[in-house]
Structures are given as structure tokens and as C-alpha cells.
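Quick notes on the structure that follows.
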Amino acid sequence: MRQRLDVYELPTQFDPPELSGTTAVVIDVLRATTTIVYALEAGAAEVIPCLEIEDALAAASAYPRWRVVLGGERGGLRIEGFDLGNSPLEYDAPAVAGKTVVMTTTNGTRAMGRCRAADEILLGAFVNAAALAHRLASRERIALVCAGSDDDVTRDDVLFAGLMVDRLQRGTRDAYRLNGQAIRARQCWIDALPRAMTSGGEKIPPGVLADQLRKSLAGQKLVAIGMEDDLYAAAQLDRFQLVPELDIQRMRIQAGPEAGKAASP
């Protein structure tokens with residue numbers, strides 16, 4: 001049977017039971033999945049995603065205060081009383097190493113919940129694209145689920161989905177059967193940058209990719225609140241070699257077994 005690769009531009013475009021038997025990849029480039037990769041790379045023990053502020057406070061209360069970091073945003077800005085916002089640049093080793101990060105983010109957390117029937121739930125962003133592609137190469141059924149921005153399709157998520165479709169298809173000589181959204185996402189990626197870059201022939205400078213992220217709905221929102229540096233942080237293509245995994249029963253995200261190993265695009 002031919003391998004299957006589907007893209008969903010929003011998590012509301014499928015019924016959760018449809019993902020049974022698949023490896024689901026949650027994509028929230030600006031900024032939840034990018035920030036979670038940064039946090040785990042910086043040594044965070046785990047990340048607990050929460051939908052509401054009250055849920056995050058309740059989850060954090062189960063730990064000694066010194067062992068937990070509260071992170072999250074509303075309107076792109078840090079929640080009052082929380083330790084960190086949702087900028088990946090905040091999640092460095094001094095802030096999170098060895099600690100449990102409790103993070104509330106609406107779009108990303110909602111998308112994770114919609115993937116609950118999948119056999120495996122991974123998190124993807126440009127910063128761990130090569131490691132993710134390597135991890136997915138042996139999977140028969142893959143669903144790339146874009147979180148969107150407040151129920152709107154956003155270009156940053158679709159671009160990343162397109163990159164993954166392109167890399168997986170090129171790596172397997174078009175072994176995957178694609179749905180219509182996967183075909184469109186791949187073309188969006190190919191059209192966004194010079195082909196010498198999207199084909200892997202030339203390295204993609206972070207500034208070039210950040211310019212594309214700036215055009216997205218989520219990117220425009222970040223620029224408007226003075227957080228343009230986050231676009232560059234999110235545009236560090238293939239920087240990290242870990243793939244976050246979500247244990248949906250425990251609602252805990254940890255680095256997968258490939259963390260620290262070399263990845264290649």
C-alpha cells in the first residue's frame with residue numbers, strides 16, 4: 001500500500017478519529033512548537049501544554065516552585081505573574097534547564113488535543129525540520145496539522161508543512177500519496193524561495209526565511225507588538241536535532257530518542 005501524507009491547514013478540518021493509525025505532527029511555527037523545541041534543547045525536563053491560564057496554574061501547583069517555570073502569552077505578550085512569555089529566546093538554559101515548563105498557548109494546545117487519536121504525536125518547526133524528516137521517513141501514514149492563528153490559516157505553518165512534504169517526497173522519490181492541501185502546501189514552499197534553496201542546493205539564510213514568516217498573519221502580529229526578533233529565532237532552519245513527542249494521556253512533551261544525534265536535511 002502506498003504511503004499517505006496529509007496536510008490540514010487548520011485542526012478543525014478533520015475529525016479526531018480520522019487520525020487513528022497515523023503519526024501526527026503539530027505545527028505552530030509562531031510560536032508554540034518553535035518555543036518548545038528551544039526549551040527542550042536548553043535542558044527543560046518536560047513541557048506541559050495547557051489551554052487555559054487556570055489550567056497552567058493548577059498544573060504548576062503540583063510542583064515545588066523552584067522546579068517549575070510558568071510560561072505563556074495572551075495577545076502575544078507574557079501573562080501577568082508568569083515567569084516567561086512565548087518567545088523562544090526566553091527559554092534558555094539559565095531559565096529552564098532541569099525544570100518542568102508549564103506553558104499555556106491557545107492555538108498550539110488546541111491542535112495537540114485534536115490529534116489525540118493518532119498513534120504518535122510529534123511537534124515540528126523550521127528549527128528541527130531535518131530531525132523531524134528523518135524521524136518521519138519510516139512512517140506509513142503522516143498527518144501534518146497546522147495550528148493556525150485564532151482559527152485562521154497562517155502562512156508560516158503552511159510553509160513549514162510544504163517544506164516537510166517536499167523533503168519527504170524528494171527523499172522517497174514521491175512515495176507518498178498526497179491530499180489536496182499537501183499538494184498546495186508543497187507548491188507554496190517551492191514558490192516562496194528560489195528553487196536552488198528549496199531543492200537543498202543552497203543553504204537558506206535565516207533572514208530570507210524570516211522575510212517569508214513576516215508575511216504571515218502570525219508574523220505581522222509579532223511585528224506589531226515589537227517581537228520581530230522571534231521571526232529570526234523561528235527561521236533557524238535545521239538548527240536542532242531533537243523532535244518533541246507528546247504523551248497525550250499524560251499531556252507531557254519530552255525530547256524524543258534522537259535528541260543530540262546528527263540530522264541531515
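Every chain in the C-alpha cells has a letter given in the order shown (A, B, ...), and although residue numbers restart at 1 in each chain, ligands are simply numbered from 1 in the order shown.
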
Residues near Gln254 (chain A), cut-off 8 Å, only C-alpha atoms, skip fewer than 6 positions along chain, as number ranges by chain: A: 40, 45-47, 244-246

All residues 10 Å or closer to Arg139 (chain A), only C-alpha atoms, same chain fewer than 3 positions away omitted, as a list in words: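 Within the cut-off, the hits are Gln3, Arg4, Leu5, Thr22, Thr23, Arg135, Leu136 and Ile142 of chain A.
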
Nearest residue to Ala218 (chain A) from the set A:Arg167, A:Arg184, A:Arg31, A:Arg173 (distances using only C-alpha atoms):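 Residue with the minimum atom-to-atom distance to Ala218 (chain A): A:Arg31.
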
Shell around Gly108 (chain A) at 7 Å using only C-alpha atoms, local window under 5 positions removed, as JSON, numbers by chain: {"A": [28, 32, 147]}

Return as a tab-separated table the residues of region 16-85 of chain A lying at most 6 Å from region 143-146 of chain A, together with the closest atom-to-atom pair for each and the distance in Å to one decimal, counting only C-alpha atoms, with rows in chain order and ascending residue number.
```
residue	atom	partner	partner_atom	distance
A:Ala24	CA	A:Ala143	CA	4.7
A:Val25	CA	A:Leu144	CA	4.8
A:Val26	CA	A:Val145	CA	5.0
A:Ile27	CA	A:Cys146	CA	4.8
```

Among listed residues A:Val29, A:Leu19, A:Ala233, A:Ala210, nearest Leu123 (chain A) (using only C-alpha atoms): A:Val29

Within 7 Å of region 78-88 of chain A using only C-alpha atoms, minus same-chain residues under 6 positions, as a VMD selection string: chain A and resid 31 to 32 34 to 35 38 69 to 72 230 233

Write a file of the selected residues as a compact mmCIF listing (two decimals), in the first residue's frame, keeping C-alpha atoms.
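For reference, result.txt as written:
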```
# COMPACT_ATOMS: atom_id res chain seq x y z
CA ARG A 31 5.44 30.34 18.17
CA ALA A 32 4.49 27.35 20.34
CA THR A 34 9.35 26.55 17.96
CA THR A 35 9.49 27.63 21.60
CA TYR A 38 14.10 25.72 22.19
CA VAL A 69 8.59 27.54 35.06
CA LEU A 70 5.31 29.15 34.10
CA GLY A 71 5.21 30.32 30.50
CA GLY A 72 2.55 31.62 28.19
CA ASP A 230 11.22 35.94 17.23
CA ALA A 233 14.67 32.71 16.06
```

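Each of A:Ala129, A:Leu77, A:Ala185, A:Ala95 was checked against Ala224 (chain A) using only C-alpha atoms; the smallest atom-to-atom distance is that of A:Leu77.
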
Could you pull out the alpha helix (DSSP H) residues of region 12-181 of chain A from DSSP and send them as a PDB file with N, CA and C atoms, in the first residue's frame?
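Here's the written file result_20.pdb:
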```pdb
ATOM      1  N   ALA A  32       4.463  28.387  19.306  1.00  0.00           N
ATOM      2  CA  ALA A  32       4.489  27.347  20.337  1.00  0.00           C
ATOM      3  C   ALA A  32       5.458  26.208  20.050  1.00  0.00           C
ATOM      4  N   THR A  33       5.393  25.600  18.852  1.00  0.00           N
ATOM      5  CA  THR A  33       6.261  24.445  18.631  1.00  0.00           C
ATOM      6  C   THR A  33       7.725  24.862  18.521  1.00  0.00           C
ATOM      7  N   THR A  34       7.981  26.040  17.983  1.00  0.00           N
ATOM      8  CA  THR A  34       9.354  26.551  17.960  1.00  0.00           C
ATOM      9  C   THR A  34       9.870  26.736  19.383  1.00  0.00           C
ATOM     10  N   THR A  35       9.076  27.354  20.230  1.00  0.00           N
ATOM     11  CA  THR A  35       9.486  27.627  21.603  1.00  0.00           C
ATOM     12  C   THR A  35       9.697  26.344  22.390  1.00  0.00           C
ATOM     13  N   ILE A  36       8.863  25.345  22.169  1.00  0.00           N
ATOM     14  CA  ILE A  36       9.019  24.065  22.875  1.00  0.00           C
ATOM     15  C   ILE A  36      10.319  23.380  22.473  1.00  0.00           C
ATOM     16  N   VAL A  37      10.681  23.446  21.192  1.00  0.00           N
ATOM     17  CA  VAL A  37      11.966  22.890  20.766  1.00  0.00           C
ATOM     18  C   VAL A  37      13.105  23.616  21.472  1.00  0.00           C
ATOM     19  N   TYR A  38      13.061  24.941  21.502  1.00  0.00           N
ATOM     20  CA  TYR A  38      14.095  25.717  22.190  1.00  0.00           C
ATOM     21  C   TYR A  38      14.182  25.321  23.659  1.00  0.00           C
ATOM     22  N   ALA A  39      13.032  25.166  24.316  1.00  0.00           N
ATOM     23  CA  ALA A  39      13.020  24.842  25.745  1.00  0.00           C
ATOM     24  C   ALA A  39      13.654  23.482  26.015  1.00  0.00           C
ATOM     25  N   LEU A  40      13.287  22.479  25.233  1.00  0.00           N
ATOM     26  CA  LEU A  40      13.843  21.144  25.441  1.00  0.00           C
ATOM     27  C   LEU A  40      15.326  21.104  25.088  1.00  0.00           C
ATOM     28  N   GLU A  41      15.710  21.834  24.058  1.00  0.00           N
ATOM     29  CA  GLU A  41      17.133  21.910  23.697  1.00  0.00           C
ATOM     30  C   GLU A  41      17.935  22.565  24.820  1.00  0.00           C
ATOM     31  N   ILE A  53      -5.277  29.648  31.272  1.00  0.00           N
ATOM     32  CA  ILE A  53      -4.381  30.134  32.323  1.00  0.00           C
ATOM     33  C   ILE A  53      -4.619  29.376  33.620  1.00  0.00           C
ATOM     34  N   GLU A  54      -5.880  29.147  33.949  1.00  0.00           N
ATOM     35  CA  GLU A  54      -6.220  28.444  35.189  1.00  0.00           C
ATOM     36  C   GLU A  54      -5.655  27.026  35.179  1.00  0.00           C
ATOM     37  N   ASP A  55      -5.683  26.366  34.016  1.00  0.00           N
ATOM     38  CA  ASP A  55      -5.122  25.012  33.905  1.00  0.00           C
ATOM     39  C   ASP A  55      -3.623  25.030  34.156  1.00  0.00           C
ATOM     40  N   ALA A  56      -2.948  26.049  33.629  1.00  0.00           N
ATOM     41  CA  ALA A  56      -1.499  26.153  33.818  1.00  0.00           C
ATOM     42  C   ALA A  56      -1.158  26.367  35.287  1.00  0.00           C
ATOM     43  N   LEU A  57      -1.895  27.238  35.950  1.00  0.00           N
ATOM     44  CA  LEU A  57      -1.641  27.491  37.368  1.00  0.00           C
ATOM     45  C   LEU A  57      -1.870  26.241  38.204  1.00  0.00           C
ATOM     46  N   ALA A  58      -2.918  25.474  37.858  1.00  0.00           N
ATOM     47  CA  ALA A  58      -3.207  24.240  38.589  1.00  0.00           C
ATOM     48  C   ALA A  58      -2.106  23.210  38.370  1.00  0.00           C
ATOM     49  N   ALA A  59      -1.644  23.078  37.128  1.00  0.00           N
ATOM     50  CA  ALA A  59      -0.580  22.112  36.825  1.00  0.00           C
ATOM     51  C   ALA A  59       0.708  22.487  37.539  1.00  0.00           C
ATOM     52  N   ALA A  60       1.035  23.775  37.565  1.00  0.00           N
ATOM     53  CA  ALA A  60       2.268  24.229  38.210  1.00  0.00           C
ATOM     54  C   ALA A  60       2.231  24.024  39.717  1.00  0.00           C
ATOM     55  N   ALA A  93      19.012  28.004  28.828  1.00  0.00           N
ATOM     56  CA  ALA A  93      19.377  27.092  29.914  1.00  0.00           C
ATOM     57  C   ALA A  93      19.237  27.713  31.311  1.00  0.00           C
ATOM     58  N   PRO A  94      19.685  28.953  31.526  1.00  0.00           N
ATOM     59  CA  PRO A  94      19.507  29.518  32.869  1.00  0.00           C
ATOM     60  C   PRO A  94      18.042  29.569  33.322  1.00  0.00           C
ATOM     61  N   ALA A  95      17.140  29.704  32.375  1.00  0.00           N
ATOM     62  CA  ALA A  95      15.724  29.840  32.731  1.00  0.00           C
ATOM     63  C   ALA A  95      15.035  28.493  32.938  1.00  0.00           C
ATOM     64  N   VAL A  96      15.420  27.457  32.152  1.00  0.00           N
ATOM     65  CA  VAL A  96      14.589  26.243  32.136  1.00  0.00           C
ATOM     66  C   VAL A  96      15.334  24.937  32.373  1.00  0.00           C
ATOM     67  N   THR A 106      -2.885  28.985  23.214  1.00  0.00           N
ATOM     68  CA  THR A 106      -4.205  28.561  22.748  1.00  0.00           C
ATOM     69  C   THR A 106      -4.152  27.747  21.462  1.00  0.00           C
ATOM     70  N   ASN A 107      -3.520  28.275  20.426  1.00  0.00           N
ATOM     71  CA  ASN A 107      -3.571  27.599  19.129  1.00  0.00           C
ATOM     72  C   ASN A 107      -2.854  26.250  19.144  1.00  0.00           C
ATOM     73  N   GLY A 108      -1.635  26.242  19.669  1.00  0.00           N
ATOM     74  CA  GLY A 108      -0.866  25.002  19.678  1.00  0.00           C
ATOM     75  C   GLY A 108      -1.487  23.932  20.537  1.00  0.00           C
ATOM     76  N   THR A 109      -1.941  24.295  21.731  1.00  0.00           N
ATOM     77  CA  THR A 109      -2.524  23.308  22.635  1.00  0.00           C
ATOM     78  C   THR A 109      -3.814  22.735  22.057  1.00  0.00           C
ATOM     79  N   ARG A 110      -4.617  23.579  21.432  1.00  0.00           N
ATOM     80  CA  ARG A 110      -5.856  23.101  20.819  1.00  0.00           C
ATOM     81  C   ARG A 110      -5.553  22.092  19.704  1.00  0.00           C
ATOM     82  N   ALA A 111      -4.548  22.381  18.914  1.00  0.00           N
ATOM     83  CA  ALA A 111      -4.175  21.464  17.833  1.00  0.00           C
ATOM     84  C   ALA A 111      -3.694  20.123  18.390  1.00  0.00           C
ATOM     85  N   MET A 112      -2.944  20.160  19.480  1.00  0.00           N
ATOM     86  CA  MET A 112      -2.491  18.913  20.095  1.00  0.00           C
ATOM     87  C   MET A 112      -3.670  18.058  20.536  1.00  0.00           C
ATOM     88  N   GLY A 113      -4.653  18.685  21.142  1.00  0.00           N
ATOM     89  CA  GLY A 113      -5.829  17.948  21.591  1.00  0.00           C
ATOM     90  C   GLY A 113      -6.598  17.311  20.445  1.00  0.00           C
ATOM     91  N   ARG A 114      -6.642  17.978  19.302  1.00  0.00           N
ATOM     92  CA  ARG A 114      -7.342  17.441  18.135  1.00  0.00           C
ATOM     93  C   ARG A 114      -6.633  16.208  17.571  1.00  0.00           C
ATOM     94  N   ALA A 129      13.524  20.815  11.530  1.00  0.00           N
ATOM     95  CA  ALA A 129      12.962  20.209  10.326  1.00  0.00           C
ATOM     96  C   ALA A 129      13.717  18.961   9.883  1.00  0.00           C
ATOM     97  N   ALA A 130      15.044  19.005   9.865  1.00  0.00           N
ATOM     98  CA  ALA A 130      15.813  17.853   9.393  1.00  0.00           C
ATOM     99  C   ALA A 130      15.621  16.655  10.312  1.00  0.00           C
ATOM    100  N   ALA A 131      15.667  16.884  11.618  1.00  0.00           N
ATOM    101  CA  ALA A 131      15.469  15.795  12.570  1.00  0.00           C
ATOM    102  C   ALA A 131      14.068  15.194  12.427  1.00  0.00           C
ATOM    103  N   LEU A 132      13.089  16.051  12.201  1.00  0.00           N
ATOM    104  CA  LEU A 132      11.718  15.572  12.032  1.00  0.00           C
ATOM    105  C   LEU A 132      11.578  14.756  10.751  1.00  0.00           C
ATOM    106  N   ALA A 133      12.149  15.231   9.660  1.00  0.00           N
ATOM    107  CA  ALA A 133      12.074  14.493   8.403  1.00  0.00           C
ATOM    108  C   ALA A 133      12.715  13.118   8.546  1.00  0.00           C
ATOM    109  N   HIS A 134      13.831  13.060   9.243  1.00  0.00           N
ATOM    110  CA  HIS A 134      14.494  11.777   9.477  1.00  0.00           C
ATOM    111  C   HIS A 134      13.592  10.840  10.282  1.00  0.00           C
ATOM    112  N   ARG A 135      12.939  11.393  11.279  1.00  0.00           N
ATOM    113  CA  ARG A 135      12.044  10.593  12.132  1.00  0.00           C
ATOM    114  C   ARG A 135      10.839  10.076  11.346  1.00  0.00           C
ATOM    115  N   LEU A 136      10.336  10.884  10.444  1.00  0.00           N
ATOM    116  CA  LEU A 136       9.127  10.519   9.697  1.00  0.00           C
ATOM    117  C   LEU A 136       9.381   9.572   8.524  1.00  0.00           C
ATOM    118  N   ARG A 155       0.313  31.580   7.063  1.00  0.00           N
ATOM    119  CA  ARG A 155       1.328  31.210   6.075  1.00  0.00           C
ATOM    120  C   ARG A 155       2.526  30.482   6.680  1.00  0.00           C
ATOM    121  N   ASP A 156       2.932  30.862   7.888  1.00  0.00           N
ATOM    122  CA  ASP A 156       4.119  30.249   8.482  1.00  0.00           C
ATOM    123  C   ASP A 156       3.940  28.750   8.678  1.00  0.00           C
ATOM    124  N   ASP A 157       2.767  28.340   9.154  1.00  0.00           N
ATOM    125  CA  ASP A 157       2.505  26.912   9.346  1.00  0.00           C
ATOM    126  C   ASP A 157       2.441  26.179   8.007  1.00  0.00           C
ATOM    127  N   VAL A 158       1.758  26.780   7.036  1.00  0.00           N
ATOM    128  CA  VAL A 158       1.618  26.142   5.726  1.00  0.00           C
ATOM    129  C   VAL A 158       2.975  26.022   5.037  1.00  0.00           C
ATOM    130  N   LEU A 159       3.817  27.043   5.155  1.00  0.00           N
ATOM    131  CA  LEU A 159       5.155  26.973   4.570  1.00  0.00           C
ATOM    132  C   LEU A 159       5.949  25.808   5.149  1.00  0.00           C
ATOM    133  N   PHE A 160       5.874  25.655   6.470  1.00  0.00           N
ATOM    134  CA  PHE A 160       6.626  24.554   7.073  1.00  0.00           C
ATOM    135  C   PHE A 160       6.056  23.206   6.637  1.00  0.00           C
ATOM    136  N   ALA A 161       4.743  23.093   6.596  1.00  0.00           N
ATOM    137  CA  ALA A 161       4.142  21.849   6.107  1.00  0.00           C
ATOM    138  C   ALA A 161       4.620  21.547   4.687  1.00  0.00           C
ATOM    139  N   GLY A 162       4.683  22.585   3.852  1.00  0.00           N
ATOM    140  CA  GLY A 162       5.150  22.408   2.484  1.00  0.00           C
ATOM    141  C   GLY A 162       6.595  21.958   2.413  1.00  0.00           C
ATOM    142  N   LEU A 163       7.439  22.523   3.277  1.00  0.00           N
ATOM    143  CA  LEU A 163       8.835  22.085   3.350  1.00  0.00           C
ATOM    144  C   LEU A 163       8.917  20.600   3.680  1.00  0.00           C
ATOM    145  N   MET A 164       8.117  20.161   4.661  1.00  0.00           N
ATOM    146  CA  MET A 164       8.162  18.752   5.065  1.00  0.00           C
ATOM    147  C   MET A 164       7.666  17.847   3.943  1.00  0.00           C
ATOM    148  N   VAL A 165       6.597  18.240   3.276  1.00  0.00           N
ATOM    149  CA  VAL A 165       6.099  17.442   2.157  1.00  0.00           C
ATOM    150  C   VAL A 165       7.178  17.326   1.086  1.00  0.00           C
ATOM    151  N   ASP A 166       7.812  18.444   0.766  1.00  0.00           N
ATOM    152  CA  ASP A 166       8.835  18.454  -0.282  1.00  0.00           C
ATOM    153  C   ASP A 166      10.018  17.565   0.090  1.00  0.00           C
ATOM    154  N   ARG A 167      10.494  17.683   1.314  1.00  0.00           N
ATOM    155  CA  ARG A 167      11.640  16.867   1.733  1.00  0.00           C
ATOM    156  C   ARG A 167      11.289  15.379   1.764  1.00  0.00           C
ATOM    157  N   LEU A 168      10.124  15.046   2.270  1.00  0.00           N
ATOM    158  CA  LEU A 168       9.744  13.639   2.348  1.00  0.00           C
ATOM    159  C   LEU A 168       9.531  13.045   0.959  1.00  0.00           C
ATOM    160  N   GLN A 169       8.920  13.799   0.072  1.00  0.00           N
ATOM    161  CA  GLN A 169       8.713  13.300  -1.290  1.00  0.00           C
ATOM    162  C   GLN A 169      10.039  13.147  -2.034  1.00  0.00           C
ATOM    163  N   ARG A 170      10.915  14.127  -1.900  1.00  0.00           N
ATOM    164  CA  ARG A 170      12.212  14.019  -2.576  1.00  0.00           C
ATOM    165  C   ARG A 170      13.037  12.873  -1.993  1.00  0.00           C
ATOM    166  N   GLY A 171      12.920  12.663  -0.686  1.00  0.00           N
ATOM    167  CA  GLY A 171      13.693  11.604  -0.047  1.00  0.00           C
ATOM    168  C   GLY A 171      13.210  10.203  -0.366  1.00  0.00           C
ATOM    169  N   THR A 172      11.952  10.093  -0.815  1.00  0.00           N
ATOM    170  CA  THR A 172      11.380   8.768  -1.109  1.00  0.00           C
ATOM    171  C   THR A 172      10.969   8.624  -2.567  1.00  0.00           C
ATOM    172  N   GLY A 180      -5.068  17.142  -1.218  1.00  0.00           N
ATOM    173  CA  GLY A 180      -5.012  18.410  -1.940  1.00  0.00           C
ATOM    174  C   GLY A 180      -4.260  19.490  -1.179  1.00  0.00           C
ATOM    175  N   GLN A 181      -4.433  19.531   0.146  1.00  0.00           N
ATOM    176  CA  GLN A 181      -3.755  20.550   0.940  1.00  0.00           C
ATOM    177  C   GLN A 181      -2.248  20.309   0.994  1.00  0.00           C
TER     178      GLN A 181
END
```

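Note that the spacing between CA of Glu73 (chain A) and CA of Leu237 (chain A) amounts to 24.2 Å.
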
A:Pro16, A:Val7, A:Leu122, A:Val68 ranked by distance to Gly98 (chain A), top pick (using only C-alpha atoms):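 So, comparing all the options, the nearest one is A:Val68.
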
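When only C-alpha atoms are used to measure the gap to Ser216 (chain A), the shortest distance among A:Ile253, A:Ala192, A:Ala182, A:Ile48 belongs to A:Ala192.
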
Exercise: Ser20 (chain A) partners within 8 Å, only C-alpha atoms, chain neighbours under 4 positions left out, as number ranges by chain: A: 16, 117-119

Glu228 (chain A) surroundings by only C-alpha atoms, 9 Å radius, close-in-sequence under 5 positions cut, as an MDAnalysis selection string: chainID A and resid 214 219:220 222:223

Can those selected residues be exported to a file as a tab-separated table (two decimals), in the first residue's frame so that it contains N, CA and C atoms?
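Written output follows (out_17.tsv):
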```tsv
chain	number	residue	atom	x	y	z
A	214	ARG	N	7.53	36.87	8.06
A	214	ARG	CA	6.99	38.21	8.31
A	214	ARG	C	5.72	38.45	7.51
A	219	GLY	N	3.12	36.38	11.80
A	219	GLY	CA	4.31	37.21	11.72
A	219	GLY	C	4.00	38.69	11.82
A	220	GLN	N	2.94	39.10	11.14
A	220	GLN	CA	2.53	40.51	11.20
A	220	GLN	C	2.13	40.91	12.61
A	222	LEU	N	3.33	39.64	15.39
A	222	LEU	CA	4.54	39.76	16.20
A	222	LEU	C	5.27	41.07	15.90
A	223	VAL	N	5.36	41.44	14.64
A	223	VAL	CA	6.00	42.70	14.28
A	223	VAL	C	5.26	43.87	14.94
```
